[in-house]
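File shown here: upload_32.cif, holding mmCIF, C-alpha atoms and all ligand atoms.
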data_final
loop_
_atom_site.label_atom_id
_atom_site.label_comp_id
_atom_site.auth_asym_id
_atom_site.auth_seq_id
_atom_site.Cartn_x
_atom_site.Cartn_y
_atom_site.Cartn_z
CA MET A 1 0.00 0.00 0.00
CA GLN A 2 1.32 3.42 -1.01
CA PRO A 3 1.41 5.79 2.01
CA ALA A 4 -0.31 9.16 1.82
CA GLU A 5 1.41 12.14 0.22
CA PHE A 6 -0.40 14.51 2.58
CA LEU A 7 -2.09 14.19 5.92
CA ILE A 8 -4.32 17.04 6.98
CA HIS A 9 -4.69 16.67 10.73
CA SER A 10 -5.96 18.19 13.96
CA GLY A 11 -8.81 20.16 12.38
CA THR A 12 -12.56 19.87 12.64
CA VAL A 13 -13.47 17.88 9.53
CA ALA A 14 -16.92 18.20 7.95
CA THR A 15 -16.97 15.18 5.63
CA VAL A 16 -20.53 15.67 4.29
CA ALA A 17 -20.29 11.91 3.73
CA GLY A 18 -23.13 9.49 3.11
CA HIS A 19 -25.00 11.34 0.36
CA THR A 20 -23.15 10.13 -2.71
CA HIS A 21 -25.88 7.93 -4.18
CA ASN A 22 -28.76 10.32 -3.70
CA PRO A 23 -28.84 14.04 -2.92
CA ALA A 24 -29.52 14.81 0.71
CA ARG A 25 -33.02 15.98 1.50
CA GLY A 26 -35.04 16.81 4.61
CA LYS A 27 -33.28 15.96 7.86
CA ASP A 28 -30.38 14.38 5.98
CA MET A 29 -29.29 17.83 4.83
CA SER A 30 -28.15 18.48 8.42
CA GLN A 31 -25.85 15.43 8.47
CA VAL A 32 -22.42 16.81 7.64
CA GLY A 33 -20.35 14.14 9.39
CA LEU A 34 -18.37 16.40 11.74
CA ILE A 35 -15.19 14.85 13.20
CA ASP A 36 -13.39 16.76 15.95
CA ASN A 37 -9.64 16.49 15.71
CA GLY A 38 -10.04 14.68 12.42
CA ALA A 39 -7.61 13.84 9.67
CA VAL A 40 -7.68 13.31 5.92
CA ALA A 41 -5.05 11.23 4.10
CA ILE A 42 -4.44 12.09 0.45
CA GLY A 43 -2.51 10.31 -2.28
CA ASP A 44 -2.51 10.26 -6.08
CA GLY A 45 -5.02 13.09 -6.16
CA ARG A 46 -7.57 11.04 -4.22
CA ILE A 47 -8.82 10.80 -0.68
CA LEU A 48 -7.34 7.67 0.87
CA ALA A 49 -8.83 7.78 4.34
CA VAL A 50 -10.82 10.08 6.61
CA GLY A 51 -11.23 9.73 10.36
CA ASN A 52 -9.36 10.20 13.57
CA PRO A 53 -5.56 10.35 13.30
CA ALA A 54 -4.93 7.21 15.38
CA ASP A 55 -7.10 5.11 13.06
CA ILE A 56 -5.44 6.53 9.99
CA GLU A 57 -2.02 5.78 11.48
CA ALA A 58 -3.12 2.26 12.41
CA GLY A 59 -4.44 1.82 8.87
CA GLY A 60 -0.88 2.16 7.60
CA TRP A 61 -1.49 5.32 5.61
CA ILE A 62 1.38 7.30 7.10
CA GLY A 63 4.95 6.88 5.80
CA PRO A 64 8.19 8.81 6.24
CA GLU A 65 7.42 10.85 3.10
CA THR A 66 3.93 11.87 4.19
CA GLN A 67 3.73 15.65 4.50
CA ARG A 68 1.66 16.86 7.42
CA ILE A 69 -0.60 19.88 7.17
CA ASN A 70 -1.66 21.10 10.59
CA ALA A 71 -5.26 22.33 10.52
CA SER A 72 -5.54 22.86 14.26
CA GLY A 73 -8.26 25.39 15.07
CA LYS A 74 -9.50 25.26 11.46
CA LEU A 75 -12.42 23.70 9.60
CA VAL A 76 -11.76 21.19 6.82
CA THR A 77 -14.52 20.77 4.22
CA PRO A 78 -15.02 19.52 0.67
CA GLY A 79 -14.26 22.11 -2.01
CA PHE A 80 -17.32 24.15 -2.93
CA VAL A 81 -19.17 23.14 -6.07
CA ASP A 82 -20.81 26.08 -7.87
CA PRO A 83 -23.54 24.47 -10.00
CA HIS A 84 -24.95 27.57 -11.73
CA THR A 85 -22.85 30.31 -13.33
CA HIS A 86 -22.81 32.42 -16.46
CA ALA A 87 -19.12 33.16 -15.95
CA LEU A 88 -18.08 33.18 -19.63
CA TYR A 89 -18.51 36.71 -20.98
CA ALA A 90 -16.65 39.91 -21.80
CA GLY A 91 -17.38 43.29 -20.25
CA SER A 92 -19.49 44.27 -17.27
CA ARG A 93 -22.70 46.16 -16.57
CA GLU A 94 -22.00 48.64 -13.79
CA HIS A 95 -23.53 51.29 -16.07
CA GLU A 96 -26.94 49.71 -15.34
CA LEU A 97 -26.63 50.36 -11.62
CA GLY A 98 -28.32 53.74 -11.98
CA LEU A 99 -31.34 52.14 -13.68
CA LYS A 100 -31.54 49.60 -10.91
CA LEU A 101 -31.38 52.28 -8.25
CA ALA A 102 -34.20 54.06 -10.11
CA ASP A 103 -36.23 50.85 -9.65
CA VAL A 104 -36.33 49.93 -13.34
CA PRO A 105 -37.12 46.18 -13.25
CA TYR A 106 -34.52 43.68 -14.51
CA ILE A 107 -36.86 42.40 -17.22
CA GLU A 108 -37.58 45.99 -18.39
CA ILE A 109 -33.84 46.67 -18.84
CA LEU A 110 -33.70 43.51 -20.99
CA LYS A 111 -36.72 44.62 -23.04
CA GLN A 112 -34.98 47.94 -23.74
CA GLY A 113 -32.06 46.02 -25.28
CA GLY A 114 -29.86 46.20 -22.19
CA GLY A 115 -29.23 43.49 -19.61
CA ILE A 116 -28.34 40.14 -21.16
CA LEU A 117 -28.45 41.70 -24.66
CA SER A 118 -25.83 44.26 -23.63
CA THR A 119 -23.48 41.45 -22.56
CA VAL A 120 -24.26 39.60 -25.80
CA ARG A 121 -22.92 42.65 -27.67
CA SER A 122 -19.77 42.98 -25.56
CA THR A 123 -19.07 39.24 -25.76
CA THR A 124 -19.77 38.60 -29.43
CA THR A 125 -17.54 41.54 -30.42
CA ALA A 126 -14.64 40.35 -28.22
CA GLU A 127 -11.76 38.15 -29.38
CA ASP A 128 -11.42 34.66 -27.91
CA ASP A 129 -8.38 35.60 -25.83
CA VAL A 130 -10.17 38.58 -24.26
CA ILE A 131 -13.16 36.45 -23.22
CA LYS A 132 -10.86 33.75 -21.90
CA ALA A 133 -8.63 36.15 -19.95
CA GLN A 134 -11.63 37.79 -18.28
CA THR A 135 -13.21 34.44 -17.48
CA LYS A 136 -9.93 33.06 -16.10
CA LYS A 137 -9.74 35.99 -13.73
CA ARG A 138 -13.22 35.16 -12.43
CA LEU A 139 -12.31 31.49 -12.07
CA GLN A 140 -9.16 32.42 -10.17
CA THR A 141 -11.25 34.55 -7.80
CA MET A 142 -13.63 31.61 -7.38
CA LEU A 143 -10.70 29.35 -6.57
CA SER A 144 -9.42 31.72 -3.89
CA LEU A 145 -12.93 31.60 -2.42
CA GLY A 146 -12.91 27.81 -2.32
CA THR A 147 -14.76 26.74 -5.47
CA THR A 148 -13.17 23.65 -7.02
CA THR A 149 -15.89 22.62 -9.54
CA VAL A 150 -17.85 25.11 -11.65
CA GLU A 151 -20.73 24.85 -14.06
CA ILE A 152 -20.60 27.46 -16.86
CA LYS A 153 -23.42 28.21 -19.25
CA SER A 154 -23.19 29.60 -22.76
CA GLY A 155 -25.91 32.12 -23.56
CA TYR A 156 -24.20 35.41 -24.42
CA GLY A 157 -23.93 34.41 -28.08
CA LEU A 158 -27.48 33.75 -29.28
CA THR A 159 -26.40 32.68 -32.79
CA LEU A 160 -25.32 29.19 -33.81
CA GLU A 161 -21.69 30.24 -34.35
CA GLU A 162 -21.43 32.30 -31.18
CA GLU A 163 -23.04 29.65 -28.97
CA LEU A 164 -20.67 27.01 -30.39
CA ARG A 165 -17.76 29.39 -29.82
CA ALA A 166 -18.78 29.90 -26.18
CA LEU A 167 -18.93 26.16 -25.57
CA ARG A 168 -15.56 25.69 -27.29
CA LEU A 169 -14.04 28.37 -25.05
CA ILE A 170 -15.45 26.66 -21.96
CA ARG A 171 -13.87 23.40 -23.11
CA GLU A 172 -10.52 25.10 -23.71
CA LEU A 173 -10.67 26.78 -20.31
CA ASP A 174 -11.41 23.43 -18.68
CA SER A 175 -7.92 22.26 -19.57
CA GLU A 176 -6.28 25.59 -18.67
CA VAL A 177 -7.69 26.32 -15.20
CA VAL A 178 -7.51 24.45 -11.91
CA GLN A 179 -11.21 23.76 -11.51
CA ASP A 180 -13.24 21.15 -13.34
CA LEU A 181 -15.73 22.95 -15.55
CA VAL A 182 -19.14 21.54 -16.46
CA PRO A 183 -20.48 23.02 -19.73
CA THR A 184 -24.15 23.88 -20.21
CA PHE A 185 -25.72 25.01 -23.48
CA MET A 186 -28.06 27.94 -22.86
CA GLY A 187 -28.82 29.28 -26.31
CA ALA A 188 -32.27 30.04 -24.91
CA HIS A 189 -31.03 32.75 -22.56
CA ALA A 190 -32.81 35.66 -24.28
CA VAL A 191 -34.63 36.26 -27.56
CA PRO A 192 -32.27 38.28 -29.77
CA PRO A 193 -33.52 41.35 -31.67
CA GLY A 194 -35.17 40.58 -34.99
CA PHE A 195 -36.69 37.27 -33.84
CA SER A 196 -40.01 36.34 -32.32
CA GLU A 197 -39.86 33.92 -29.40
CA ALA A 198 -41.25 31.15 -31.64
CA GLU A 199 -38.76 31.83 -34.45
CA TYR A 200 -35.78 31.84 -32.14
CA THR A 201 -37.03 28.71 -30.36
CA THR A 202 -37.15 26.97 -33.73
CA LEU A 203 -33.57 28.04 -34.40
CA VAL A 204 -32.45 26.62 -31.05
CA VAL A 205 -34.34 23.36 -31.59
CA GLU A 206 -33.57 22.74 -35.23
CA GLN A 207 -30.10 24.21 -35.70
CA MET A 208 -28.31 24.80 -32.43
CA LEU A 209 -29.19 21.70 -30.43
CA PRO A 210 -28.23 19.12 -33.09
CA ARG A 211 -24.85 20.81 -33.60
CA VAL A 212 -24.18 21.19 -29.90
CA ALA A 213 -25.07 17.56 -29.24
CA GLY A 214 -23.17 16.42 -32.34
CA GLN A 215 -19.99 18.10 -31.12
CA GLY A 216 -20.41 16.66 -27.62
CA ILE A 217 -19.43 19.98 -26.06
CA ALA A 218 -22.24 20.39 -23.53
CA GLU A 219 -23.45 18.14 -20.73
CA PHE A 220 -26.59 20.09 -19.90
CA CYS A 221 -29.15 22.26 -21.67
CA ASP A 222 -30.77 25.15 -19.78
CA VAL A 223 -33.57 27.59 -20.66
CA PHE A 224 -34.60 30.95 -19.17
CA CYS A 225 -38.25 29.98 -18.68
CA GLU A 226 -39.92 33.23 -17.69
CA LYS A 227 -42.87 35.35 -18.72
CA GLY A 228 -41.68 37.62 -21.53
CA VAL A 229 -38.62 35.48 -22.32
CA PHE A 230 -39.24 31.77 -23.07
CA GLY A 231 -42.74 30.62 -22.18
CA LEU A 232 -43.70 27.15 -20.97
CA GLU A 233 -44.34 25.85 -24.47
CA SER A 234 -41.04 27.07 -25.94
CA SER A 235 -39.13 25.86 -22.89
CA ALA A 236 -40.70 22.41 -23.16
CA ARG A 237 -39.91 22.23 -26.88
CA ILE A 238 -36.26 23.05 -26.29
CA LEU A 239 -35.75 20.79 -23.29
CA THR A 240 -37.57 17.82 -24.81
CA ARG A 241 -35.41 18.01 -27.92
CA ALA A 242 -32.25 18.42 -25.82
CA GLN A 243 -33.15 15.32 -23.82
CA ALA A 244 -33.77 13.32 -26.98
CA LEU A 245 -30.30 14.33 -28.16
CA GLY A 246 -28.73 13.02 -24.95
CA LEU A 247 -28.27 16.22 -22.97
CA LYS A 248 -29.18 16.47 -19.30
CA LEU A 249 -31.55 19.24 -18.35
CA LYS A 250 -31.68 22.35 -16.20
CA ILE A 251 -34.22 25.16 -16.17
CA HIS A 252 -34.33 28.75 -14.86
CA ALA A 253 -37.83 28.59 -13.43
CA ASP A 254 -40.19 30.96 -11.61
CA GLU A 255 -37.46 33.53 -10.99
CA LEU A 256 -39.48 36.70 -11.48
CA GLU A 257 -43.09 35.53 -11.69
CA SER A 258 -44.96 32.43 -10.66
CA PHE A 259 -45.58 30.84 -13.97
CA GLY A 260 -45.62 27.06 -13.75
CA GLY A 261 -41.88 26.67 -14.28
CA ALA A 262 -41.42 24.36 -11.30
CA GLU A 263 -44.32 22.17 -12.46
CA LEU A 264 -42.77 21.97 -15.93
CA ALA A 265 -39.38 21.08 -14.42
CA ALA A 266 -40.99 18.22 -12.52
CA ARG A 267 -42.91 17.01 -15.56
CA LEU A 268 -39.78 16.94 -17.72
CA GLY A 269 -37.72 15.28 -14.97
CA VAL A 270 -34.88 17.82 -15.18
CA THR A 271 -31.80 17.32 -13.02
CA SER A 272 -32.24 20.71 -11.41
CA ALA A 273 -34.52 23.72 -11.41
CA GLU A 274 -32.95 27.05 -10.60
CA HIS A 275 -34.03 30.29 -8.85
CA LEU A 276 -37.63 29.28 -7.94
CA LEU A 277 -38.32 32.46 -5.95
CA GLU A 278 -41.91 32.46 -7.03
CA ALA A 279 -42.49 28.70 -7.22
CA SER A 280 -46.03 27.82 -6.17
CA ASP A 281 -46.90 25.36 -3.40
CA GLY A 282 -47.96 22.85 -6.04
CA GLY A 283 -44.73 23.43 -7.93
CA ILE A 284 -42.65 22.77 -4.83
CA GLN A 285 -44.54 19.56 -4.13
CA ALA A 286 -44.09 18.47 -7.75
CA LEU A 287 -40.32 19.05 -7.49
CA ALA A 288 -40.21 16.95 -4.32
CA ASN A 289 -42.23 14.14 -5.91
CA SER A 290 -39.97 13.93 -8.92
CA GLY A 291 -36.66 14.32 -7.07
CA VAL A 292 -35.63 17.50 -8.88
CA ILE A 293 -32.84 19.42 -7.14
CA ALA A 294 -33.63 23.06 -6.41
CA VAL A 295 -30.58 25.22 -7.07
CA LEU A 296 -31.14 28.36 -5.02
CA LEU A 297 -29.36 31.60 -5.81
CA PRO A 298 -29.73 34.01 -2.89
CA ALA A 299 -27.00 36.33 -4.20
CA THR A 300 -29.31 37.09 -7.13
CA SER A 301 -32.19 38.10 -4.84
CA PHE A 302 -29.75 40.18 -2.83
CA ASN A 303 -28.26 41.89 -5.87
CA LEU A 304 -31.61 42.55 -7.54
CA ALA A 305 -32.58 44.14 -4.20
CA LYS A 306 -35.85 42.24 -4.35
CA HIS A 307 -36.26 41.72 -0.62
CA SER A 308 -37.74 38.34 -1.38
CA TYR A 309 -36.00 35.01 -1.38
CA ALA A 310 -36.84 31.47 -2.43
CA ARG A 311 -38.94 29.57 0.12
CA ALA A 312 -36.15 27.23 1.08
CA ARG A 313 -37.68 26.11 4.38
CA ARG A 314 -40.88 25.08 2.68
CA MET A 315 -38.89 23.21 0.03
CA LEU A 316 -36.91 21.44 2.72
CA GLU A 317 -40.07 20.41 4.53
CA ALA A 318 -41.58 19.15 1.29
CA GLY A 319 -38.47 17.02 0.71
CA VAL A 320 -36.86 18.93 -2.17
CA PRO A 321 -33.06 18.47 -2.21
CA LEU A 322 -31.46 21.92 -2.07
CA ALA A 323 -28.25 23.13 -3.68
CA LEU A 324 -26.68 26.60 -3.64
CA ALA A 325 -24.85 28.52 -6.37
CA THR A 326 -23.57 32.02 -7.12
CA ASP A 327 -25.33 32.55 -10.50
CA CYS A 328 -22.10 34.50 -11.26
CA ASN A 329 -23.07 36.81 -14.15
CA PRO A 330 -22.62 40.48 -15.05
CA GLY A 331 -26.25 41.49 -14.44
CA SER A 332 -28.22 39.82 -11.71
CA SER A 333 -25.31 38.45 -9.65
CA PRO A 334 -21.84 39.88 -10.23
CA THR A 335 -20.07 37.76 -7.63
CA GLU A 336 -17.78 34.74 -7.53
CA SER A 337 -18.24 34.13 -3.83
CA MET A 338 -19.69 30.90 -2.46
CA PRO A 339 -18.87 32.06 1.12
CA MET A 340 -21.11 35.09 0.51
CA VAL A 341 -23.81 32.75 -0.81
CA LEU A 342 -23.54 30.68 2.39
CA THR A 343 -24.09 33.80 4.49
CA LEU A 344 -27.11 34.86 2.43
CA ALA A 345 -28.48 31.30 2.54
CA SER A 346 -28.23 31.35 6.28
CA LEU A 347 -29.76 34.78 6.87
CA TYR A 348 -32.42 34.89 4.17
CA LEU A 349 -33.12 31.30 3.15
CA LYS A 350 -32.93 30.39 6.86
CA LEU A 351 -30.74 27.38 6.24
CA SER A 352 -28.64 26.13 9.13
CA PRO A 353 -24.86 26.13 8.57
CA GLU A 354 -25.06 22.34 8.12
CA GLN A 355 -27.82 22.54 5.53
CA ALA A 356 -26.01 25.32 3.67
CA LEU A 357 -22.76 23.35 3.58
CA THR A 358 -24.53 20.25 2.24
CA ALA A 359 -26.22 22.42 -0.39
CA ALA A 360 -22.90 23.98 -1.47
CA THR A 361 -21.00 20.69 -1.73
CA ILE A 362 -22.57 17.26 -2.24
CA ASN A 363 -26.00 18.42 -3.40
CA ALA A 364 -24.37 20.91 -5.76
CA ALA A 365 -22.24 18.04 -7.11
CA HIS A 366 -25.45 16.03 -7.67
CA ALA A 367 -26.89 18.98 -9.60
CA LEU A 368 -23.93 18.54 -11.99
CA GLY A 369 -23.89 14.74 -12.11
CA ARG A 370 -20.50 14.79 -10.32
CA ALA A 371 -21.39 13.36 -6.91
CA GLY A 372 -19.40 10.17 -7.54
CA GLU A 373 -16.28 12.27 -7.98
CA THR A 374 -16.48 15.25 -5.63
CA GLY A 375 -18.63 17.08 -3.08
CA SER A 376 -17.69 15.08 0.04
CA LEU A 377 -14.61 13.79 1.85
CA GLU A 378 -14.83 10.03 1.33
CA PRO A 379 -12.20 7.49 0.31
CA GLY A 380 -11.90 7.19 -3.46
CA LYS A 381 -13.19 10.65 -4.29
CA ALA A 382 -11.03 13.39 -5.77
CA ALA A 383 -9.10 15.20 -3.05
CA ASP A 384 -10.93 18.53 -3.48
CA ILE A 385 -10.52 19.98 0.00
CA LEU A 386 -10.63 23.34 1.78
CA ILE A 387 -8.96 24.40 4.99
CA LEU A 388 -11.03 27.29 6.29
CA ASP A 389 -9.73 29.72 8.85
CA VAL A 390 -12.87 29.49 10.96
CA PRO A 391 -13.08 27.90 14.42
CA ASN A 392 -16.34 26.04 13.78
CA LEU A 393 -19.04 25.56 11.16
CA ASP A 394 -21.37 28.24 12.56
CA TYR A 395 -18.65 30.81 12.06
CA LEU A 396 -18.61 30.20 8.30
CA PRO A 397 -21.92 31.92 7.42
CA TYR A 398 -21.71 34.18 10.47
CA HIS A 399 -18.61 36.15 9.51
CA PHE A 400 -19.17 37.72 6.11
CA GLY A 401 -17.44 39.97 3.65
CA ALA A 402 -13.99 38.47 4.19
CA ASN A 403 -12.47 35.37 2.68
CA PRO A 404 -12.49 32.43 5.14
CA VAL A 405 -10.41 30.21 2.85
CA GLN A 406 -6.87 29.50 3.96
CA THR A 407 -5.90 26.61 1.67
CA VAL A 408 -7.45 25.04 -1.43
CA ILE A 409 -6.49 21.54 -2.50
CA LYS A 410 -7.65 20.37 -5.93
CA ARG A 411 -7.08 16.73 -6.90
CA GLY A 412 -4.51 16.36 -4.14
CA LYS A 413 -2.45 19.47 -4.95
CA VAL A 414 -2.29 22.67 -2.94
CA VAL A 415 -3.49 25.16 -5.56
CA TRP A 416 -4.12 28.24 -3.45
CA SER A 417 -3.18 29.36 0.03
CA CYS A 418 -2.81 32.58 1.94
O1 LIG B 1 -29.70 33.62 -13.92
N1 LIG B 1 -32.05 34.87 -15.54
C1 LIG B 1 -31.33 34.83 -16.53
N2 LIG B 1 -30.01 34.79 -16.55
C2 LIG B 1 -29.16 35.22 -15.51
C3 LIG B 1 -28.82 36.67 -15.66
C4 LIG B 1 -27.89 36.94 -16.76
C5 LIG B 1 -27.59 38.40 -16.97
O2 LIG B 1 -28.30 39.29 -16.44
O3 LIG B 1 -26.60 38.64 -17.69
C6 LIG B 1 -29.71 34.82 -14.16
O4 LIG B 1 -30.12 35.64 -13.36
FE FE B 2 -28.73 32.05 -14.13
#

Could I get this structure in the form of structure tokens?
Ligand code: NIG
Ligand code: FE
Amino acid sequence: MQPAEFLIHSGTVATVAGHTHNPARGKDMSQVGLIDNGAVAIGDGRILAVGNPADIEAGGWIGPETQRINASGKLVTPGFVDPHTHALYAGSREHELGLKLADVPYIEILKQGGGILSTVRSTTTAEDDVIKAQTKKRLQTMLSLGTTTVEIKSGYGLTLEEELRALRLIRELDSEVVQDLVPTFMGAHAVPPGFSEAEYTTLVVEQMLPRVAGQGIAEFCDVFCEKGVFGLESSARILTRAQALGLKLKIHADELESFGGAELAARLGVTSAEHLLEASDGGIQALANSGVIAVLLPATSFNLAKHSYARARRMLEAGVPLALATDCNPGSSPTESMPMVLTLASLYLKLSPEQALTAATINAAHALGRAGETGSLEPGKAADILILDVPNLDYLPYHFGANPVQTVIKRGKVVWSC
């Protein structure tokens, strides 16, 4: 047996173990497997053993070469998984802040040709290397904040060529950055000028989806299902076709208005439904019945200054598995920070620190089909591990606005530390 390369020891370890086969729901979301004075042995990029140091020693995992990392007084957790971002784009939208402060609604800014369409212009007119450099900077910030796996959606192209380019850039970035990237095709992010919703939906269904699936460059397909953007019928057309072509499904549902998006998500059996601020009681029950993961994005509520948040408690009680994400994008959520999301989830979604951690790790990994690989500290999984400079789990959401991350380990290598 090859001894461990690294032994993280003496910290409080939150393994979040035991939820690899199915996402945690209900009471199970509070089970984060805390071990006081715990240790994690790492070798070959994988987790070899987790437990108390004496057991790990007795298990023969420690050799003369094993490097020890003392995490005394610190919290050791799985790397954060961010299962919903629009992080690939060029430019920014701080010029829309004034409109927001004047209470112009998000959807109104979009209708006036701003919002998503403004970022479509700045992205489609940018060279590949500019988009990649700006996205890399965001991914580096995410890494420093503890995110080791990231979903990225296309959707600032809105033509066949530009959507394919976005997915190609995500694939290139995947081999150039530390994190694992999960690509999602979101050609149905907005209806571009000159098209009706039905015409553009046809373009997505008949031209974009076959090419995207044919090139094998996306794992998921997502749609902005919202009144005034893609209605229920268009969303169902797109997602049904995507599924037939072998893509897994996500849906932006009931973000701004209650509109039957959650019910549609349940009917189509998507992997995850996102936002869900306005999901109806029936919609929440339907999600629970069909095992759809709710990806909640409290930073978006915060940044849109809506003063209303998804009904996470009700979802939990109904048995919906919850995940958390940043929604990192230049309009509704310009942030890379999962620690900030954990704070907002605690204060405004009323999740306990345990529930929030489960949502930001193993359940988020389930939302990306990656739970067999990451999201918890269990033997055999990738060694994606954080050492957080916090004395206990409650402190993590409690102390906000500063970076709690001391060390990030990705696939067994120390990739960031301060
Ligand atoms: O998830 N809702 C649609 N898409 C993003 C916003 C993208 C943007 O404003 O650029 C969201 O909030
Ligand atoms: Fe989004």

Ligand LIG 1 (chain B) neighbours within 6 Å using only C-alpha atoms and all ligand atoms, as an MDAnalysis selection string: chainID A and resid 115:116 224 327 329:332

Selected residues written out, C-alpha atoms, as a PDB file, in the frame of the given file:
ATOM      1  CA  GLY A 115     -29.230  43.490 -19.610  1.00  0.00           C
ATOM      2  CA  ILE A 116     -28.340  40.140 -21.160  1.00  0.00           C
ATOM      3  CA  PHE A 224     -34.600  30.950 -19.170  1.00  0.00           C
ATOM      4  CA  ASP A 327     -25.330  32.550 -10.500  1.00  0.00           C
ATOM      5  CA  ASN A 329     -23.070  36.810 -14.150  1.00  0.00           C
ATOM      6  CA  PRO A 330     -22.620  40.480 -15.050  1.00  0.00           C
ATOM      7  CA  GLY A 331     -26.250  41.490 -14.440  1.00  0.00           C
ATOM      8  CA  SER A 332     -28.220  39.820 -11.710  1.00  0.00           C
TER       9      SER A 332
END

Segment 67-73 of chain A, all listed atoms, 6 Å padding on each side: what axis-aligned box centre and edge lengths in Å to one decimal come out, as JSON?
{"center_x": -2.3, "center_y": 20.5, "center_z": 9.8, "size_x": 24.0, "size_y": 21.7, "size_z": 22.6}

Contacts of segment 340-348 of chain A within 10 Å, all atoms listed in the file, excl. fewer than 4 positions in-chain, as a ChimeraX atom specification: /A:145,296-302,307-312,324-327,335-336,352-357,359-360,394-403

Interatomic distance, atom CA of Arg121 of chain A to atom CA of Asp222 of chain A (Å, one decimal):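 Atom CA of Asp222 of chain A lies at a distance of 20.7 Å from atom CA of Arg121 of chain A.
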
Surrounding residues as a list in words, ligand FE 2 (chain B), max 7 Å, all atoms listed in the file: His84, Thr85, His86, His252 and Asp327 of chain A

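Residues in contact with Thr202 of chain A at 9 Å, where only C-alpha atoms are counted and same-chain residues fewer than 4 positions away are skipped, are listed as Glu197, Ala198, Glu206, Gln207, Ser234, Arg237 and Ile238 of chain A.
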
Those same residues - C-alpha atoms - I'd like them written as an mmCIF file, in the frame of the given file.
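Listing of out-v5.cif after writing:
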data_model
loop_
_atom_site.group_PDB
_atom_site.id
_atom_site.type_symbol
_atom_site.label_atom_id
_atom_site.label_comp_id
_atom_site.auth_asym_id
_atom_site.auth_seq_id
_atom_site.Cartn_x
_atom_site.Cartn_y
_atom_site.Cartn_z
ATOM 1 C CA GLU A 197 -39.860 33.920 -29.400
ATOM 2 C CA ALA A 198 -41.250 31.150 -31.640
ATOM 3 C CA GLU A 206 -33.570 22.740 -35.230
ATOM 4 C CA GLN A 207 -30.100 24.210 -35.700
ATOM 5 C CA SER A 234 -41.040 27.070 -25.940
ATOM 6 C CA ARG A 237 -39.910 22.230 -26.880
ATOM 7 C CA ILE A 238 -36.260 23.050 -26.290
#

Could you list, as number ranges by chain, every residue within 7 Å of Val16 of chain A, counting only C-alpha atoms and ignoring same-chain residues fewer than 5 positions away? A: 31-33, 358, 376-377

Which is closest to Glu219 of chain A among A:Gln112, A:Ser235, A:Thr201, A:Thr271, if we use all atoms listed in the file?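 Selected residue with least distance to Glu219 of chain A: A:Thr271.
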
Which residues are close to Leu316 of chain A, i.e. within 9 Å by all atoms listed in the file, leaving aside same-chain residues fewer than 5 positions away? Reply as a PyMOL selection string. chain A and resi 25-27+29+288+311+321-322

May I have the selected residues written with C-alpha atoms, as an mmCIF file, keeping the file's coordinate frame?
data_model
loop_
_atom_site.group_PDB
_atom_site.id
_atom_site.type_symbol
_atom_site.label_atom_id
_atom_site.label_comp_id
_atom_site.auth_asym_id
_atom_site.auth_seq_id
_atom_site.Cartn_x
_atom_site.Cartn_y
_atom_site.Cartn_z
ATOM 1 C CA ARG A 25 -33.020 15.980 1.500
ATOM 2 C CA GLY A 26 -35.040 16.810 4.610
ATOM 3 C CA LYS A 27 -33.280 15.960 7.860
ATOM 4 C CA MET A 29 -29.290 17.830 4.830
ATOM 5 C CA ALA A 288 -40.210 16.950 -4.320
ATOM 6 C CA ARG A 311 -38.940 29.570 0.120
ATOM 7 C CA PRO A 321 -33.060 18.470 -2.210
ATOM 8 C CA LEU A 322 -31.460 21.920 -2.070
#

Work out how far apart atom CA of Val405 of chain A and atom CA of Ser417 of chain A are and give it in Å to one decimal. 7.8 Å

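Atom CA of Thr135 of chain A is found 15.9 Å from atom CA of Glu163 of chain A.
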